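Enquirer: My questions all concern the structure below.
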Amino acid sequence: QVQLVESGGGLVQPGGSLRLSCDASGGIFSIAALGWYRRAPGEQRQLVATISDSGLTNYADSAKGRFTISTNDAKNTAYLQMNGLKPEDTAVYYCSAFTARGTFWGQGTQVTVSS
């Protein structure tokens, strides 16, 4: 079983930046991909970005050009660098790990973009 712990959320002004981190433990060698999703108030959880164990990345249209997903060399930490933040980026951001045994989720970290 994979455990995921997100950090790095907070309050930021429009146009600002944040970097989210996701620390994975337990069964990390089974992880085929890591991803970031978000859920805004009143909306369903949506894809932000994913990165495979080979480094292939995929982004939602809303994230392209502003957000960058990456991992450390050990591939047990995933990052989401978010630049040019907009009020509509306000959401709870969740880290996910995709394995052959299923998908695991972190508890989420709140990102609020407001002046």
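We label chains A, B, ... in the order they appear in the structure tokens, count residues from 1 in each chain, and number ligands from 1 in the order shown.
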Taking 4 positions as the minimum chain separation for residues in the same chain, which residues sit within 12 Å of Leu47 in chain A when counting only C-alpha atoms? Answer as number ranges by chain.
Expert: A: 34-40, 51, 58-64, 91-96
Enquirer: Grab the residues selected above and save them as a CSV table (one decimal), in the first residue's frame with N, CA and C atoms.
Expert:
chain,number,residue,atom,x,y,z
A,34,LEU,N,2.7,9.1,-11.1
A,34,LEU,CA,2.2,10.0,-10.0
A,34,LEU,C,1.5,11.1,-10.7
A,35,GLY,N,0.5,11.6,-10.0
A,35,GLY,CA,-0.3,12.7,-10.6
A,35,GLY,C,-0.8,13.7,-9.6
A,36,TRP,N,-1.2,14.8,-10.1
A,36,TRP,CA,-1.9,15.8,-9.3
A,36,TRP,C,-3.3,16.1,-9.8
A,37,TYR,N,-4.3,16.1,-8.9
A,37,TYR,CA,-5.6,16.4,-9.3
A,37,TYR,C,-6.1,17.5,-8.4
A,38,ARG,N,-7.2,18.2,-8.7
A,38,ARG,CA,-7.7,19.2,-7.8
A,38,ARG,C,-9.2,19.2,-7.8
A,39,ARG,N,-9.8,19.6,-6.7
A,39,ARG,CA,-11.2,19.8,-6.6
A,39,ARG,C,-11.6,21.1,-6.1
A,40,ALA,N,-12.2,21.9,-6.9
A,40,ALA,CA,-12.7,23.2,-6.5
A,40,ALA,C,-14.0,23.1,-5.8
A,51,ILE,N,2.8,12.2,-14.3
A,51,ILE,CA,4.1,11.9,-14.8
A,51,ILE,C,4.3,10.4,-14.6
A,58,ASN,N,1.8,14.6,-18.7
A,58,ASN,CA,0.5,15.0,-19.3
A,58,ASN,C,-0.1,16.1,-18.5
A,59,TYR,N,-0.6,17.1,-19.2
A,59,TYR,CA,-1.2,18.2,-18.4
A,59,TYR,C,-2.6,18.5,-18.9
A,60,ALA,N,-3.5,19.0,-18.0
A,60,ALA,CA,-4.8,19.5,-18.4
A,60,ALA,C,-4.5,20.8,-19.1
A,61,ASP,N,-5.4,21.2,-20.0
A,61,ASP,CA,-5.3,22.4,-20.8
A,61,ASP,C,-5.1,23.6,-19.9
A,62,SER,N,-5.8,23.6,-18.7
A,62,SER,CA,-5.7,24.7,-17.8
A,62,SER,C,-4.3,24.9,-17.2
A,63,ALA,N,-3.6,23.8,-17.2
A,63,ALA,CA,-2.2,23.8,-16.5
A,63,ALA,C,-1.1,24.0,-17.5
A,64,LYS,N,-1.3,23.8,-18.8
A,64,LYS,CA,-0.2,23.9,-19.8
A,64,LYS,C,0.3,25.3,-19.8
A,91,ALA,N,-8.4,25.5,-5.1
A,91,ALA,CA,-9.0,24.2,-5.0
A,91,ALA,C,-8.2,23.4,-3.9
A,92,VAL,N,-8.7,22.2,-3.6
A,92,VAL,CA,-7.9,21.3,-2.8
A,92,VAL,C,-7.1,20.4,-3.9
A,93,TYR,N,-5.8,20.4,-3.7
A,93,TYR,CA,-5.0,19.6,-4.6
A,93,TYR,C,-4.6,18.3,-4.0
A,94,TYR,N,-4.8,17.2,-4.8
A,94,TYR,CA,-4.6,15.9,-4.3
A,94,TYR,C,-3.4,15.2,-5.1
A,95,CYS,N,-2.6,14.5,-4.5
A,95,CYS,CA,-1.6,13.7,-5.1
A,95,CYS,C,-2.1,12.3,-5.3
A,96,SER,N,-1.8,11.6,-6.4
A,96,SER,CA,-2.2,10.3,-6.6
A,96,SER,C,-1.1,9.4,-7.1
Enquirer: Run DSSP on the backbone and grab whatever in chain A lands in strand (DSSP E); send it over as a PyMOL selection string.
Expert: chain A and resi 3-7+10-12+18-25+31-39+46-52+57-59+67-71+77-82+91-99+102-105+109-113
Enquirer: Find the residues of range 7-72 of chain A that sit at most 10 Å from range 98-102 of chain A; for each, write down the nearest two atoms and how far apart they are in Å, to one decimal. Count only C-alpha atoms. Sort by chain, then by number going up, and give it as a Markdown table.
Expert:
| residue | atom | partner | partner_atom | distance |
| --- | --- | --- | --- | --- |
| A:Gly27 | CA | A:Thr99 | CA | 9.2 |
| A:Ile28 | CA | A:Thr99 | CA | 9.0 |
| A:Phe29 | CA | A:Thr99 | CA | 9.1 |
| A:Ser30 | CA | A:Thr99 | CA | 5.6 |
| A:Ile31 | CA | A:Thr99 | CA | 4.8 |
| A:Ala32 | CA | A:Thr99 | CA | 5.4 |
| A:Ala33 | CA | A:Phe98 | CA | 5.2 |
| A:Leu34 | CA | A:Phe98 | CA | 6.2 |
| A:Gly35 | CA | A:Phe98 | CA | 8.0 |
| A:Thr50 | CA | A:Phe98 | CA | 9.8 |
| A:Ser52 | CA | A:Phe98 | CA | 9.0 |
Enquirer: Tell me, as a VMD selection string, which residues lie within 8 Å of Leu80 in chain A, counting only C-alpha atoms; anything in the same chain fewer than 2 positions away does not count.
Expert: chain A and resid 19 to 21 36 67 to 70 78 82
Enquirer: Excluding Leu4 in chain A and residues on its chain fewer than 6 positions from it, collect all residues at most 7 Å away from it, counting only C-alpha atoms, and give them as a VMD selection string.
Expert: chain A and resid 22 to 25 95 105 to 106
Enquirer: Go ahead and dump the residues you just picked, N, CA and C atoms, as a short mmCIF file (atom, residue, chain, number, x, y, z; two decimals), in the first residue's frame.
Expert:
data_model
loop_
_atom_site.label_atom_id
_atom_site.label_comp_id
_atom_site.auth_asym_id
_atom_site.auth_seq_id
_atom_site.Cartn_x
_atom_site.Cartn_y
_atom_site.Cartn_z
N CYS A 22 4.67 16.06 -2.85
CA CYS A 22 3.95 14.83 -2.47
C CYS A 22 4.98 13.76 -2.15
N ASP A 23 5.04 13.38 -0.89
CA ASP A 23 5.98 12.35 -0.45
C ASP A 23 5.28 11.00 -0.43
N ALA A 24 5.82 10.06 -1.17
CA ALA A 24 5.27 8.71 -1.26
C ALA A 24 6.10 7.74 -0.44
N SER A 25 5.42 6.82 0.24
CA SER A 25 6.10 5.78 1.00
C SER A 25 5.30 4.49 0.92
N CYS A 95 -2.59 14.50 -4.46
CA CYS A 95 -1.58 13.68 -5.11
C CYS A 95 -2.14 12.28 -5.29
N TRP A 105 -4.47 7.79 -2.97
CA TRP A 105 -4.66 9.24 -2.89
C TRP A 105 -4.12 9.78 -1.58
N GLY A 106 -3.62 11.02 -1.65
CA GLY A 106 -3.25 11.72 -0.43
C GLY A 106 -4.47 12.42 0.15
#
Enquirer: Find, counting only C-alpha atoms, the residue in A:Thr103, A:Gln13, A:Asn83, A:Thr90 that gets nearest to Glu43 in chain A.
Expert: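 So, comparing all the options, the nearest one is A:Thr90.
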Enquirer: DSSP says helix (DSSP H, G or I) for which residues of chain A? Put them as a ChimeraX atom specification?
Expert: /A:28-30,87-89
Enquirer: Next, dump the selected residues to file, keeping only C-alpha atoms, as a compact mmCIF listing (two decimals), in the first residue's frame.
Expert:
# COMPACT_ATOMS: atom_id res chain seq x y z
CA ILE A 28 6.89 2.96 -4.09
CA PHE A 29 8.50 0.48 -6.48
CA SER A 30 5.00 -0.45 -7.65
CA PRO A 87 -8.32 32.73 -8.66
CA GLU A 88 -9.84 29.85 -10.61
CA ASP A 89 -6.91 27.67 -9.52
Enquirer: Fewer than 3 positions away in the same chain doesn't count, so skip those; otherwise give me all residues within 9 Å of Gly15 in chain A, counting only C-alpha atoms, as a PyMOL selection string.
Expert: chain A and resi 12+83-86+113
Enquirer: Restricting the calculation to only C-alpha atoms, which member of A:Thr57, A:Asn72, A:Gln44, A:Gln3 is positioned closest to Gln107 in chain A?
Expert: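 Of A:Thr57, A:Asn72, A:Gln44, A:Gln3, the one nearest Gln107 in chain A, counting only C-alpha atoms, is A:Gln3.
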Enquirer: Using only C-alpha atoms for the distances, tell me which of A:Val5, A:Val48, A:Leu18, A:Leu56 is nearest to Val111 in chain A.
Expert: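 Answer, going by the shortest atom-to-atom distance: A:Leu18.
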Enquirer: Quote the spacing between CA of Asp53 in chain A and CA of Val2 in chain A in Å to one decimal place.
Expert: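 Computed distance, CA of Asp53 in chain A to CA of Val2 in chain A, equals 15.1 Å.
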Enquirer: Using only C-alpha atoms for the distances, tell me which of A:Gln81, A:Gly8, A:Gly42, A:Gln1 is nearest to Phe104 in chain A.
Expert: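 The shortest atom-to-atom distance to Phe104 in chain A comes from A:Gln1.
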